[in-house]
file work29.txt (compact mmCIF, C-alpha atoms)
# COMPACT_ATOMS: atom_id res chain seq x y z
CA MET A 1 60.99 112.27 132.87
CA SER A 2 64.42 111.91 134.44
CA SER A 3 66.95 114.71 134.38
CA THR A 4 69.29 112.61 132.23
CA GLU A 5 66.62 111.97 129.61
CA HIS A 6 65.61 115.63 129.65
CA LEU A 7 69.24 116.59 129.05
CA HIS A 8 69.43 114.42 125.97
CA ARG A 9 66.04 115.45 124.64
CA SER A 10 67.20 119.10 124.68
CA ARG A 11 69.68 118.24 121.97
CA PHE A 12 68.69 118.27 118.31
CA ARG A 13 70.09 117.73 114.85
CA ALA A 14 69.54 119.31 111.48
CA SER A 15 70.70 118.32 108.00
CA PHE A 16 71.47 120.52 105.01
CA ALA A 17 72.30 119.88 101.37
CA ASP A 18 74.77 122.74 101.04
CA PRO A 19 77.85 123.60 103.16
CA GLU A 20 77.11 127.35 103.03
CA GLN A 21 73.65 126.74 104.52
CA LEU A 22 75.27 124.73 107.31
CA LEU A 23 77.73 127.55 107.97
CA HIS A 24 74.93 130.15 108.19
CA ALA A 25 72.90 127.87 110.47
CA VAL A 26 75.85 127.46 112.87
CA ASN A 27 76.35 131.23 113.04
CA HIS A 28 72.62 131.78 113.62
CA LEU A 29 72.34 129.19 116.39
CA ARG A 30 75.36 130.51 118.27
CA THR A 31 74.05 134.06 117.98
CA ALA A 32 70.69 132.92 119.38
CA GLY A 33 72.41 131.41 122.42
CA HIS A 34 72.30 127.75 121.43
CA ARG A 35 75.33 125.52 121.88
CA VAL A 36 76.57 123.86 118.70
CA LEU A 37 78.06 120.55 119.75
CA ASP A 38 79.57 119.42 116.45
CA THR A 39 79.14 119.31 112.67
CA TYR A 40 79.44 116.29 110.37
CA THR A 41 80.40 116.91 106.74
CA PRO A 42 81.67 114.76 103.85
CA PHE A 43 84.63 117.13 103.48
CA PRO A 44 86.13 119.99 105.54
CA VAL A 45 84.15 123.23 105.34
CA HIS A 46 86.28 126.37 105.28
CA GLY A 47 85.48 128.73 108.14
CA MET A 48 83.66 126.16 110.28
CA ASP A 49 86.19 126.33 113.14
CA GLU A 50 85.69 130.11 113.46
CA ALA A 51 81.90 129.77 113.16
CA MET A 52 81.81 127.21 116.01
CA GLY A 53 84.24 129.25 118.11
CA LEU A 54 86.74 126.43 118.42
CA ARG A 55 90.04 127.24 120.05
CA PRO A 56 93.33 126.21 118.38
CA SER A 57 94.03 122.52 118.85
CA ARG A 58 96.35 121.48 121.63
CA LEU A 59 97.47 118.44 119.67
CA SER A 60 100.37 120.33 118.11
CA ARG A 61 101.87 120.85 121.56
CA ALA A 62 101.32 117.19 122.38
CA CYS A 63 103.00 116.22 119.12
CA LEU A 64 106.00 118.41 119.95
CA ALA A 65 106.24 116.96 123.45
CA PHE A 66 106.20 113.34 122.23
CA ALA A 67 108.70 114.18 119.46
CA ALA A 68 111.07 115.66 122.04
CA LEU A 69 110.61 112.56 124.18
CA GLY A 70 111.47 110.29 121.23
CA LEU A 71 114.54 112.36 120.40
CA ALA A 72 115.72 112.25 124.01
CA ILE A 73 115.23 108.49 124.26
CA ALA A 74 117.06 107.83 120.98
CA ALA A 75 119.97 110.13 121.80
CA GLY A 76 120.29 108.87 125.36
CA LEU A 77 120.13 105.21 124.36
CA GLN A 78 122.77 105.55 121.64
CA ILE A 79 125.10 107.74 123.67
CA TRP A 80 124.88 105.46 126.71
CA THR A 81 125.39 102.33 124.60
CA SER A 82 128.27 103.66 122.47
CA ALA A 83 130.17 105.76 124.99
CA VAL A 84 129.37 104.25 128.40
CA ASP A 85 128.13 100.68 128.46
CA TYR A 86 129.93 99.15 125.45
CA PRO A 87 132.45 101.62 123.99
CA LEU A 88 134.08 100.47 120.76
CA ILE A 89 136.25 102.49 118.40
CA THR A 90 135.49 101.40 114.84
CA GLY A 91 137.63 102.75 112.02
CA GLY A 92 138.78 105.69 114.11
CA LYS A 93 135.22 106.94 114.59
CA PRO A 94 134.72 108.82 117.88
CA LEU A 95 132.50 107.28 120.53
CA LEU A 96 130.07 110.21 120.38
CA ALA A 97 129.56 110.19 116.61
CA ILE A 98 126.48 112.40 116.42
CA PRO A 99 126.01 112.07 112.60
CA ALA A 100 125.81 108.30 113.01
CA PHE A 101 123.02 108.71 115.59
CA ILE A 102 120.79 110.80 113.28
CA PRO A 103 118.90 107.94 111.49
CA VAL A 104 117.80 106.22 114.71
CA ALA A 105 117.02 109.53 116.39
CA PHE A 106 114.89 110.63 113.43
CA GLU A 107 112.95 107.36 113.29
CA LEU A 108 112.21 107.28 117.01
CA THR A 109 111.22 110.96 117.00
CA VAL A 110 108.72 110.42 114.21
CA LEU A 111 107.43 107.17 115.75
CA LEU A 112 106.68 108.62 119.19
CA ALA A 113 105.29 111.84 117.69
CA GLY A 114 102.85 109.91 115.50
CA LEU A 115 101.72 107.45 118.16
CA GLY A 116 101.57 110.10 120.86
CA VAL A 117 99.45 112.56 118.90
CA VAL A 118 96.96 109.82 117.99
CA ALA A 119 96.67 108.74 121.63
CA SER A 120 96.34 112.39 122.72
CA PHE A 121 93.57 112.89 120.19
CA PHE A 122 91.52 110.02 121.61
CA VAL A 123 92.07 111.26 125.15
CA ALA A 124 91.21 114.89 124.36
CA ALA A 125 88.13 113.93 122.36
CA ARG A 126 87.04 111.45 125.03
CA MET A 127 86.67 108.80 122.37
CA ARG A 128 86.61 105.18 123.41
CA PRO A 129 85.91 102.08 121.33
CA ARG A 130 82.29 100.96 121.13
CA LEU A 131 80.91 97.65 119.99
CA ARG A 132 77.95 99.45 118.41
CA VAL A 133 78.14 103.09 117.36
CA PRO A 134 74.87 105.08 117.24
CA ASP A 135 74.01 106.48 113.80
CA LEU A 136 73.55 110.25 113.96
CA HIS A 137 72.20 110.56 110.40
CA PRO A 138 72.27 108.17 107.41
CA GLY A 139 73.90 110.75 105.12
CA ALA A 140 76.24 112.35 107.66
CA ASN A 141 79.40 111.31 105.81
CA ASP A 142 77.86 110.90 102.38
CA ASP A 143 75.80 113.73 100.90
CA ARG A 144 74.39 115.60 103.91
CA PHE A 145 75.83 118.37 106.08
CA VAL A 146 74.63 117.71 109.62
CA LEU A 147 74.91 119.68 112.85
CA ALA A 148 74.21 118.63 116.42
CA ALA A 149 73.32 121.34 118.94
CA GLU A 150 71.81 121.86 122.36
CA LEU A 151 68.84 124.12 122.98
CA ALA A 152 69.30 127.22 125.03
CA ALA A 153 67.35 127.53 128.27
CA ASP A 154 63.63 128.32 128.01
CA ILE A 155 63.52 127.89 124.22
CA GLN A 156 61.23 125.30 122.65
CA PHE A 157 62.40 123.11 119.78
CA PRO A 158 59.47 123.84 117.36
CA ALA A 159 60.50 127.49 117.16
CA VAL A 160 64.10 126.51 116.45
CA ALA A 161 62.96 123.98 113.83
CA ARG A 162 61.07 126.74 111.95
CA GLU A 163 64.15 128.96 111.98
CA LEU A 164 66.28 126.12 110.66
CA ALA A 165 63.77 125.42 107.90
CA ASP A 166 64.01 129.07 106.84
CA LEU A 167 67.80 128.66 106.69
CA GLY A 168 67.44 125.72 104.29
CA ALA A 169 67.37 122.71 106.61
CA LEU A 170 66.06 119.56 104.90
CA GLU A 171 64.91 118.12 108.21
CA SER A 172 65.48 118.66 111.92
CA SER A 173 64.58 116.59 114.95
CA LEU A 174 65.35 116.12 118.61
CA LEU A 175 68.41 113.98 119.19
CA VAL A 176 67.88 111.00 121.46
CA GLU A 177 70.58 108.35 121.78
CA ASP A 178 69.66 104.83 120.77
CA ARG A 179 70.32 103.47 124.25
CA PHE A 180 67.49 105.63 125.70
CA GLN A 181 65.08 104.49 122.99
CA ARG A 182 65.88 100.77 123.29
CA GLY A 183 66.86 100.65 126.89
CA GLY A 184 70.32 100.00 128.26
CA SER A 185 72.37 97.30 126.53
CA PHE A 186 75.81 95.85 127.11
CA TRP A 187 76.77 96.53 123.47
CA ASP A 188 76.06 100.26 123.83
CA ARG A 189 78.55 100.73 126.62
CA PRO A 190 81.92 102.30 125.69
CA ALA A 191 84.93 100.09 126.27
CA GLY A 192 86.73 100.82 129.52
CA VAL A 193 90.26 100.21 130.68
CA GLY A 194 89.45 96.60 131.56
CA ALA A 195 88.23 95.88 128.03
CA LEU A 196 91.39 97.34 126.54
CA LEU A 197 93.57 95.24 128.83
CA LEU A 198 91.55 92.15 127.91
CA ALA A 199 92.18 92.85 124.20
CA CYS A 200 95.93 92.97 124.89
CA LEU A 201 95.87 89.70 126.84
CA PRO A 202 96.80 87.42 123.85
CA ALA A 203 99.94 89.47 123.18
CA PHE A 204 100.93 89.29 126.84
CA LEU A 205 100.46 85.50 126.82
CA LEU A 206 102.69 85.10 123.76
CA LEU A 207 105.42 87.17 125.38
CA ALA A 208 105.14 85.07 128.52
CA LEU A 209 105.64 81.86 126.51
CA VAL A 210 109.09 82.96 125.26
CA PRO A 211 111.02 82.34 128.51
CA ILE A 212 108.98 79.20 129.14
CA LEU A 213 109.91 77.62 125.78
CA ASN A 214 113.55 78.62 126.01
CA ARG A 215 115.20 79.30 129.36
CA ASP A 216 118.75 79.54 127.94
CA PHE A 217 119.00 82.92 126.23
CA GLN A 218 122.58 82.21 125.10
CA ARG A 219 121.46 79.81 122.40
CA ARG A 220 119.01 79.93 119.51
CA ASN A 221 115.33 79.72 120.33
CA LEU A 222 113.19 76.75 119.37
CA THR A 223 112.64 76.63 115.60
CA TRP A 224 109.09 76.69 114.34
CA ASP A 225 109.83 76.57 110.58
CA GLY A 226 111.50 73.19 110.38
CA GLY A 227 114.94 74.64 109.78
CA MET A 228 113.92 76.80 106.80
CA GLY A 229 115.36 79.86 108.50
CA VAL A 230 118.89 78.39 108.58
CA PRO A 231 120.86 79.74 105.60
CA LEU A 232 122.46 77.14 103.31
CA SER A 233 125.08 78.13 100.75
CA ALA A 234 126.75 76.14 97.98
CA GLN A 235 129.28 76.85 95.27
CA ALA A 236 128.49 76.34 91.60
CA PHE A 237 130.62 73.19 91.24
CA ASP A 238 129.73 71.59 94.59
CA ALA A 239 128.07 68.21 94.74
CA SER A 240 124.34 68.06 95.45
CA GLY A 241 122.29 65.24 96.85
CA VAL A 242 118.97 66.47 95.50
CA LEU A 243 119.65 68.11 92.11
CA PRO A 244 119.81 66.10 88.87
CA GLY A 245 123.25 64.84 88.03
CA GLY A 246 124.41 65.29 91.60
CA LYS A 247 125.76 68.79 90.90
CA VAL A 248 124.71 72.27 91.93
CA LEU A 249 125.43 73.75 88.50
CA GLN A 250 122.68 72.68 86.11
CA ALA A 251 122.54 72.85 82.33
CA PRO A 252 119.91 75.26 80.95
CA PRO A 253 116.58 73.63 80.05
CA PRO A 254 115.92 72.76 76.41
CA ASP A 255 114.97 75.65 74.12
CA THR A 256 116.27 78.19 76.63
CA LEU A 257 116.88 81.63 75.15
CA SER A 258 119.93 83.65 76.03
CA ARG A 259 119.70 87.12 77.53
CA ARG A 260 119.95 88.55 74.03
CA GLY A 261 116.97 86.48 72.89
CA GLU A 262 119.07 84.16 70.68
CA PRO A 263 118.11 80.49 70.39
CA PRO A 264 120.73 78.04 71.67
CA LEU A 265 123.17 76.50 69.22
CA ALA A 266 122.22 72.95 68.32
CA PHE A 267 125.86 71.89 68.17
CA GLY A 268 128.42 70.56 70.56
CA PRO A 269 132.21 70.45 70.61
CA GLY A 270 134.19 68.01 68.54
CA LYS A 271 135.37 67.43 64.98
CA ALA A 272 132.18 65.71 63.86
CA GLU A 273 130.07 68.58 65.14
CA ALA A 274 132.38 71.07 63.42
CA GLU A 275 131.91 69.27 60.10
CA ARG A 276 128.13 69.23 60.61
CA ALA A 277 128.17 72.95 61.40
CA GLY A 278 130.07 73.52 58.14
CA ARG A 279 127.27 71.77 56.26
CA GLU A 280 124.30 73.31 58.09
CA LEU A 281 125.34 76.83 59.15
CA GLN A 282 125.54 79.83 56.88
CA ASN A 283 126.81 83.30 57.80
CA PRO A 284 123.66 85.37 58.41
CA TYR A 285 125.52 88.68 57.90
CA GLN A 286 126.39 90.21 54.56
CA PRO A 287 129.84 91.84 54.30
CA THR A 288 129.64 95.60 54.85
CA GLN A 289 132.24 98.16 55.83
CA ALA A 290 130.81 98.47 59.37
CA ARG A 291 130.90 94.70 59.92
CA PHE A 292 134.39 94.52 58.43
CA ASN A 293 135.59 97.18 60.89
CA ARG A 294 133.97 95.39 63.82
CA GLY A 295 135.42 92.05 62.79
CA LYS A 296 138.87 93.61 62.42
CA LEU A 297 138.66 95.15 65.89
CA VAL A 298 137.64 91.85 67.53
CA PHE A 299 140.24 89.89 65.54
CA GLU A 300 143.09 92.19 66.55
CA ARG A 301 142.07 92.10 70.22
CA VAL A 302 141.42 88.37 70.52
CA CYS A 303 142.89 86.40 67.62
CA ALA A 304 145.99 88.30 66.49
CA THR A 305 147.97 87.32 69.59
CA CYS A 306 148.18 83.75 68.30
CA HIS A 307 147.51 84.00 64.55
CA GLY A 308 149.18 87.34 63.80
CA ARG A 309 147.55 90.52 62.52
CA GLU A 310 147.40 89.17 58.95
CA GLY A 311 146.43 85.62 59.94
CA ASP A 312 149.79 84.25 58.71
CA ASN A 313 151.40 83.76 62.14
CA ASN A 314 153.84 86.63 61.51
CA GLY A 315 154.08 88.60 64.73
CA SER A 316 152.44 85.77 66.68
CA VAL A 317 153.37 85.89 70.36
CA ILE A 318 153.03 82.11 70.60
CA VAL A 319 155.44 81.49 67.73
CA ALA A 320 157.88 84.15 68.97
CA ARG A 321 158.18 82.33 72.29
CA GLY A 322 159.03 79.07 70.56
CA ALA A 323 155.74 77.37 71.36
CA PHE A 324 153.53 75.49 68.94
CA ALA A 325 152.55 77.16 65.71
CA PRO A 326 148.82 77.93 65.41
CA THR A 327 146.94 77.25 62.21
CA VAL A 328 147.66 79.70 59.43
CA LEU A 329 144.30 81.28 58.70
CA VAL A 330 145.20 82.35 55.18
CA SER A 331 146.31 78.87 54.20
CA PRO A 332 144.40 76.93 51.51
CA VAL A 333 143.14 74.46 54.11
CA VAL A 334 141.36 77.17 56.13
CA ARG A 335 140.31 79.00 52.94
CA ASP A 336 138.43 75.89 51.82
CA MET A 337 136.62 75.51 55.16
CA PRO A 338 132.92 76.55 55.14
CA ASP A 339 131.89 79.57 57.18
CA GLY A 340 129.91 77.37 59.57
CA ARG A 341 132.98 75.34 60.47
CA LEU A 342 135.04 78.46 61.18
CA PHE A 343 132.21 79.74 63.36
CA HIS A 344 132.11 76.40 65.22
CA ILE A 345 135.87 76.56 65.87
CA ALA A 346 135.56 80.16 67.12
CA THR A 347 132.75 79.03 69.43
CA PHE A 348 133.99 75.69 70.81
CA GLY A 349 137.70 75.84 70.01
CA GLY A 350 140.00 73.74 67.89
CA PRO A 351 140.38 69.99 68.07
CA THR A 352 143.54 70.16 70.21
CA LYS A 353 144.87 73.50 71.45
CA MET A 354 142.62 76.44 70.60
CA LYS A 355 140.22 77.71 73.25
CA GLY A 356 136.61 78.41 72.34
CA TYR A 357 135.34 81.97 72.67
CA GLY A 358 131.61 81.29 72.80
CA ASP A 359 131.53 82.43 76.42
CA LEU A 360 133.46 85.66 75.74
CA LEU A 361 132.34 86.87 72.31
CA SER A 362 128.79 87.42 71.20
CA ARG A 363 127.42 85.36 68.35
CA GLU A 364 127.36 88.42 66.12
CA ASP A 365 131.03 89.20 66.82
CA ARG A 366 132.07 85.64 65.99
CA TRP A 367 130.32 85.79 62.61
CA GLN A 368 131.92 89.16 61.87
CA VAL A 369 135.36 87.73 62.68
CA VAL A 370 134.65 85.05 60.06
CA LEU A 371 133.86 87.83 57.57
CA TYR A 372 137.16 89.54 58.38
CA ILE A 373 139.11 86.27 58.04
CA ARG A 374 137.65 85.90 54.55
CA GLU A 375 138.91 89.36 53.68
CA LEU A 376 142.38 88.45 55.01
CA GLN A 377 142.39 85.35 52.83
CA LYS A 378 141.52 87.40 49.76
CA ALA A 379 144.30 89.90 50.45
CA ALA A 380 146.95 87.28 51.32
CA LYS A 381 149.83 86.80 48.86
CA PRO A 382 150.02 83.30 47.45
CA ALA A 383 152.99 81.29 48.65
CA ALA A 384 155.85 80.99 46.19
CA ALA A 385 156.00 77.64 44.39
CA PRO A 386 159.12 75.58 45.15
CA ALA A 387 161.84 75.74 42.49
CA GLN A 388 162.05 72.66 40.17
CA ALA A 389 165.37 70.97 39.41
CA THR A 390 166.78 71.73 35.92
CA GLY A 391 168.71 69.44 33.64
CA ALA A 392 172.43 69.72 32.87
CA GLN A 393 173.54 72.65 30.86
CA PRO A 394 174.74 71.92 27.56
call {"tool": "encode", "arguments": {"input": "work29.txt", "output": "structure tokens"}}
result
Amino acid sequence: MSSTEHLHRSRFRASFADPEQLLHAVNHLRTAGHRVLDTYTPFPVHGMDEAMGLRPSRLSRACLAFAALGLAIAAGLQIWTSAVDYPLITGGKPLLAIPAFIPVAFELTVLLAGLGVVASFFVAARMRPRLRVPDLHPGANDDRFVLAAELAADIQFPAVARELADLGALESSLLVEDRFQRGGSFWDRPAGVGALLLACLPAFLLLALVPILNRDFQRRNLTWDGGMGVPLSAQAFDASGVLPGGKVLQAPPPDTLSRRGEPPLAFGPGKAEAERAGRELQNPYQPTQARFNRGKLVFERVCATCHGREGDNNGSVIVARGAFAPTVLVSPVVRDMPDGRLFHIATFGGPTKMKGYGDLLSREDRWQVVLYIRELQKAAKPAAAPAQATGAQP
């Protein structure tokens, strides 16, 4: 038996069903002079570090060192760029604007601290990638609590196995690596530096292709997406060579609902459509005090400028300036109009001069304005009848 094989045969494993049993077994083996190599548990066991005699981890110091390195790199890069190599004063900000450097410094500090502590962990634990990892125990990370230890000098394993059984061990056996049982294999070898460099070779080749594909670094690199990365912008009323109608702005699809969930009006502008709306549309709101108040508010803000506060053109800004006279809303002609026609006019505008307010007022507000106009018509004083000519006095 070779010395190497003897060294590995002096190691053993034992599995337990309870973490407390594992903890007692570790204490017992260390007291007896055996060397506990490691424990494998589904979850951390409190007190295991003290039982195994582990010293405090050095990874915290490595993390601090890499964090300081990241902070130094970030601060140095930003200070050199902003104050030395390319100094620019923007908005009166000083060249050494430390608060502006904090985000980049924080990110680089965290990045190097995280990557550095992971790399330090693999180096300190002497862990290297393997193509095939030996299985210590089928339930090591499932439902078993396993320890691996090395026998003390001049102590036979059967005696230790009996002691472990008394401590609650489900099974114990000598630990022999798979490569000694099967013979040496290429797949059992840990990856070395050459294997790691070989894994990085595709990335190095891609980086080497960049200057080959584009030697002029002053212009844009070769496109690989067929121009999809080039931003294209267009205004709403611009012409389009691909959209229907040749315009960028498109009409909404049929049966499209508005943001308020209302179905689209099945009417268009024009006198014929206004007459059809008068025949087909009915005011869906009953007159209440709240709707009257809302209709009055909207009327005074939007309609009174042209039609006057009472709908009779008195106080109309348009009339006061000598312009055209808007329709008198309390006149018999408007009083005889159906509610649907008034709603159509409020939505699409009048036949000649009035602007439609369908894009500014909600549908509910337009109907409530119609309710308020009806109240104005009821309260309006009838116009005085013209005086008739009388015959000659006797």
call {"tool": "atom_distance", "arguments": {"input": "work29.txt", "atom1": "CA of Leu297 (chain A)", "atom2": "CA of Ile373 (chain A)"}}
result
11.9 Å
call {"tool": "closest_residue", "arguments": {"input": "work29.txt", "among": "A:Gly245, A:Val45, A:Ala105, A:Leu281", "to": "Ile79 (chain A)", "atoms": "all atoms listed in the file"}}
result
A:Ala105
call {"tool": "atom_distance", "arguments": {"input": "work29.txt", "atom1": "CA of Phe348 (chain A)", "atom2": "CA of Ala239 (chain A)"}}
result
25.8 Å
call {"tool": "residues_around", "arguments": {"input": "work29.txt", "residues": "Ala325 (chain A)", "least_positions_apart": "5", "cutoff": "8 Å", "atoms": "all atoms listed in the file", "output": "list in words"}}
result
Asn313, Ile318 and Val319 of chain A
call {"tool": "residues_around", "arguments": {"input": "work29.txt", "residues": "Leu95 (chain A)", "least_positions_apart": "5", "cutoff": "8 Å", "atoms": "all atoms listed in the file", "output": "ChimeraX atom specification"}}
result
/A:82-83,87-89
call {"tool": "residues_around", "arguments": {"input": "work29.txt", "residues": "Leu23 (chain A)", "least_positions_apart": "5", "cutoff": "8 Å", "atoms": "all atoms listed in the file", "output": "number ranges by chain"}}
result
A: 47-48, 51
call {"tool": "closest_residue", "arguments": {"input": "work29.txt", "among": "A:Gly340, A:Gly349, A:Pro103, A:Pro231", "to": "Arg279 (chain A)", "atoms": "only C-alpha atoms"}}
result
A:Gly340
call {"tool": "atom_distance", "arguments": {"input": "work29.txt", "atom1": "CA of Arg162 (chain A)", "atom2": "CA of Arg144 (chain A)"}}
result
19.1 Å
call {"tool": "closest_residue", "arguments": {"input": "work29.txt", "among": "A:Ala380, A:Val369, A:Ala346, A:Ala125", "to": "Pro269 (chain A)", "atoms": "all atoms listed in the file"}}
result
A:Ala346
call {"tool": "residues_around", "arguments": {"input": "work29.txt", "residues": "Glu275 (chain A)", "least_positions_apart": "3", "cutoff": "9 Å", "atoms": "all atoms listed in the file", "output": "list in words"}}
result
Gly270, Lys271, Ala272, Gly278, Arg279, Glu280, Pro338, Gly340, Arg341 and His344 of chain A
call {"tool": "write_last_selection", "arguments": {"input": "work29.txt", "atoms": "C-alpha atoms", "output": "mmCIF file, in the frame of the given file"}}
result
data_model
loop_
_atom_site.group_PDB
_atom_site.id
_atom_site.type_symbol
_atom_site.label_atom_id
_atom_site.label_comp_id
_atom_site.auth_asym_id
_atom_site.auth_seq_id
_atom_site.Cartn_x
_atom_site.Cartn_y
_atom_site.Cartn_z
ATOM 1 C CA GLY A 270 134.190 68.010 68.540
ATOM 2 C CA LYS A 271 135.370 67.430 64.980
ATOM 3 C CA ALA A 272 132.180 65.710 63.860
ATOM 4 C CA GLY A 278 130.070 73.520 58.140
ATOM 5 C CA ARG A 279 127.270 71.770 56.260
ATOM 6 C CA GLU A 280 124.300 73.310 58.090
ATOM 7 C CA PRO A 338 132.920 76.550 55.140
ATOM 8 C CA GLY A 340 129.910 77.370 59.570
ATOM 9 C CA ARG A 341 132.980 75.340 60.470
ATOM 10 C CA HIS A 344 132.110 76.400 65.220
#
call {"tool": "residues_around", "arguments": {"input": "work29.txt", "residues": "Leu136 (chain A)", "least_positions_apart": "5", "cutoff": "9 Å", "atoms": "all atoms listed in the file", "output": "PyMOL selection string"}}
result
chain A and resi 13+146+148+175+177
call {"tool": "write_last_selection", "arguments": {"input": "work29.txt", "atoms": "C-alpha atoms", "output": "PDB file, keeping the file's coordinate frame"}}
result
ATOM      1  CA  ARG A  13      70.090 117.730 114.850  1.00  0.00           C
ATOM      2  CA  VAL A 146      74.630 117.710 109.620  1.00  0.00           C
ATOM      3  CA  ALA A 148      74.210 118.630 116.420  1.00  0.00           C
ATOM      4  CA  LEU A 175      68.410 113.980 119.190  1.00  0.00           C
ATOM      5  CA  GLU A 177      70.580 108.350 121.780  1.00  0.00           C
TER       6      GLU A 177
END
call {"tool": "closest_residue", "arguments": {"input": "work29.txt", "among": "A:Ala169, A:Ala140, A:Ala149, A:Ala195", "to": "Gln21 (chain A)", "atoms": "only C-alpha atoms"}}
result
A:Ala169
call {"tool": "closest_residue", "arguments": {"input": "work29.txt", "among": "A:Phe145, A:Phe122, A:Phe16, A:Phe106", "to": "Thr39 (chain A)", "atoms": "all atoms listed in the file"}}
result
A:Phe145
call {"tool": "residues_near_point", "arguments": {"input": "work29.txt", "point": "(105.0, 116.9, 122.1)", "cutoff": "12 Å", "atoms": "only C-alpha atoms", "output": "ChimeraX atom specification"}}
result
/A:58-72,109-120
call {"tool": "axis_aligned_box", "arguments": {"input": "work29.txt", "around": "region 81-93 of chain A", "padding_each_side": "8 Å", "output": "AutoDock Vina command-line options"}}
result
--center_x 132.1 --center_y 103.0 --center_z 120.2 --size_x 29.4 --size_y 23.8 --size_z 32.4
call {"tool": "decode", "arguments": {"input": "work29.txt", "residues": "region 333-389 of chain A", "atoms": "C-alpha atoms", "output": "PDB file, in the first residue's frame"}}
result
ATOM      1  CA  VAL A 333     -85.019  78.156 -32.324  1.00  0.00           C
ATOM      2  CA  VAL A 334     -82.542  76.664 -29.829  1.00  0.00           C
ATOM      3  CA  ARG A 335     -85.345  75.863 -27.362  1.00  0.00           C
ATOM      4  CA  ASP A 336     -86.978  73.653 -29.996  1.00  0.00           C
ATOM      5  CA  MET A 337     -83.734  71.776 -30.756  1.00  0.00           C
ATOM      6  CA  PRO A 338     -83.532  68.218 -29.321  1.00  0.00           C
ATOM      7  CA  ASP A 339     -80.983  67.516 -26.610  1.00  0.00           C
ATOM      8  CA  GLY A 340     -79.001  65.282 -28.954  1.00  0.00           C
ATOM      9  CA  ARG A 341     -78.498  68.091 -31.450  1.00  0.00           C
ATOM     10  CA  LEU A 342     -77.280  70.482 -28.754  1.00  0.00           C
ATOM     11  CA  PHE A 343     -74.874  67.787 -27.570  1.00  0.00           C
ATOM     12  CA  HIS A 344     -73.632  67.303 -31.146  1.00  0.00           C
ATOM     13  CA  ILE A 345     -73.006  71.048 -31.526  1.00  0.00           C
ATOM     14  CA  ALA A 346     -71.138  71.129 -28.192  1.00  0.00           C
ATOM     15  CA  THR A 347     -69.031  68.191 -29.386  1.00  0.00           C
ATOM     16  CA  PHE A 348     -68.276  69.030 -33.040  1.00  0.00           C
ATOM     17  CA  GLY A 349     -69.071  72.749 -33.161  1.00  0.00           C
ATOM     18  CA  GLY A 350     -71.554  74.817 -35.105  1.00  0.00           C
ATOM     19  CA  PRO A 351     -72.042  74.775 -38.846  1.00  0.00           C
ATOM     20  CA  THR A 352     -69.936  77.907 -39.410  1.00  0.00           C
ATOM     21  CA  LYS A 353     -68.142  79.596 -36.511  1.00  0.00           C
ATOM     22  CA  MET A 354     -68.439  77.694 -33.230  1.00  0.00           C
ATOM     23  CA  LYS A 355     -65.582  75.425 -32.189  1.00  0.00           C
ATOM     24  CA  GLY A 356     -66.316  71.929 -30.943  1.00  0.00           C
ATOM     25  CA  TYR A 357     -65.352  71.061 -27.378  1.00  0.00           C
ATOM     26  CA  GLY A 358     -65.300  67.279 -27.647  1.00  0.00           C
ATOM     27  CA  ASP A 359     -61.538  67.296 -27.155  1.00  0.00           C
ATOM     28  CA  LEU A 360     -61.663  69.581 -24.095  1.00  0.00           C
ATOM     29  CA  LEU A 361     -64.807  68.631 -22.180  1.00  0.00           C
ATOM     30  CA  SER A 362     -65.769  65.178 -21.052  1.00  0.00           C
ATOM     31  CA  ARG A 363     -68.921  63.613 -22.412  1.00  0.00           C
ATOM     32  CA  GLU A 364     -70.586  63.915 -19.020  1.00  0.00           C
ATOM     33  CA  ASP A 365     -69.789  67.649 -18.790  1.00  0.00           C
ATOM     34  CA  ARG A 366     -71.243  68.288 -22.239  1.00  0.00           C
ATOM     35  CA  TRP A 367     -74.527  66.603 -21.310  1.00  0.00           C
ATOM     36  CA  GLN A 368     -74.677  68.572 -18.055  1.00  0.00           C
ATOM     37  CA  VAL A 369     -74.175  71.823 -19.981  1.00  0.00           C
ATOM     38  CA  VAL A 370     -77.219  70.842 -22.066  1.00  0.00           C
ATOM     39  CA  LEU A 371     -79.169  70.393 -18.816  1.00  0.00           C
ATOM     40  CA  TYR A 372     -78.106  73.857 -17.662  1.00  0.00           C
ATOM     41  CA  ILE A 373     -79.036  75.436 -21.014  1.00  0.00           C
ATOM     42  CA  ARG A 374     -82.523  73.971 -20.602  1.00  0.00           C
ATOM     43  CA  GLU A 375     -82.781  75.628 -17.202  1.00  0.00           C
ATOM     44  CA  LEU A 376     -81.664  78.953 -18.714  1.00  0.00           C
ATOM     45  CA  GLN A 377     -84.355  78.638 -21.366  1.00  0.00           C
ATOM     46  CA  LYS A 378     -87.013  78.036 -18.726  1.00  0.00           C
ATOM     47  CA  ALA A 379     -85.917  81.075 -16.717  1.00  0.00           C
ATOM     48  CA  ALA A 380     -85.556  83.403 -19.726  1.00  0.00           C
ATOM     49  CA  LYS A 381     -88.086  86.237 -20.082  1.00  0.00           C
ATOM     50  CA  PRO A 382     -90.096  86.038 -23.278  1.00  0.00           C
ATOM     51  CA  ALA A 383     -89.297  88.761 -25.793  1.00  0.00           C
ATOM     52  CA  ALA A 384     -91.802  91.589 -25.974  1.00  0.00           C
ATOM     53  CA  ALA A 385     -94.159  91.380 -28.949  1.00  0.00           C
ATOM     54  CA  PRO A 386     -93.813  94.242 -31.448  1.00  0.00           C
ATOM     55  CA  ALA A 387     -96.428  96.985 -31.126  1.00  0.00           C
ATOM     56  CA  GLN A 388     -99.257  96.878 -33.753  1.00  0.00           C
ATOM     57  CA  ALA A 389    -100.335  99.987 -35.643  1.00  0.00           C
TER      58      ALA A 389
END
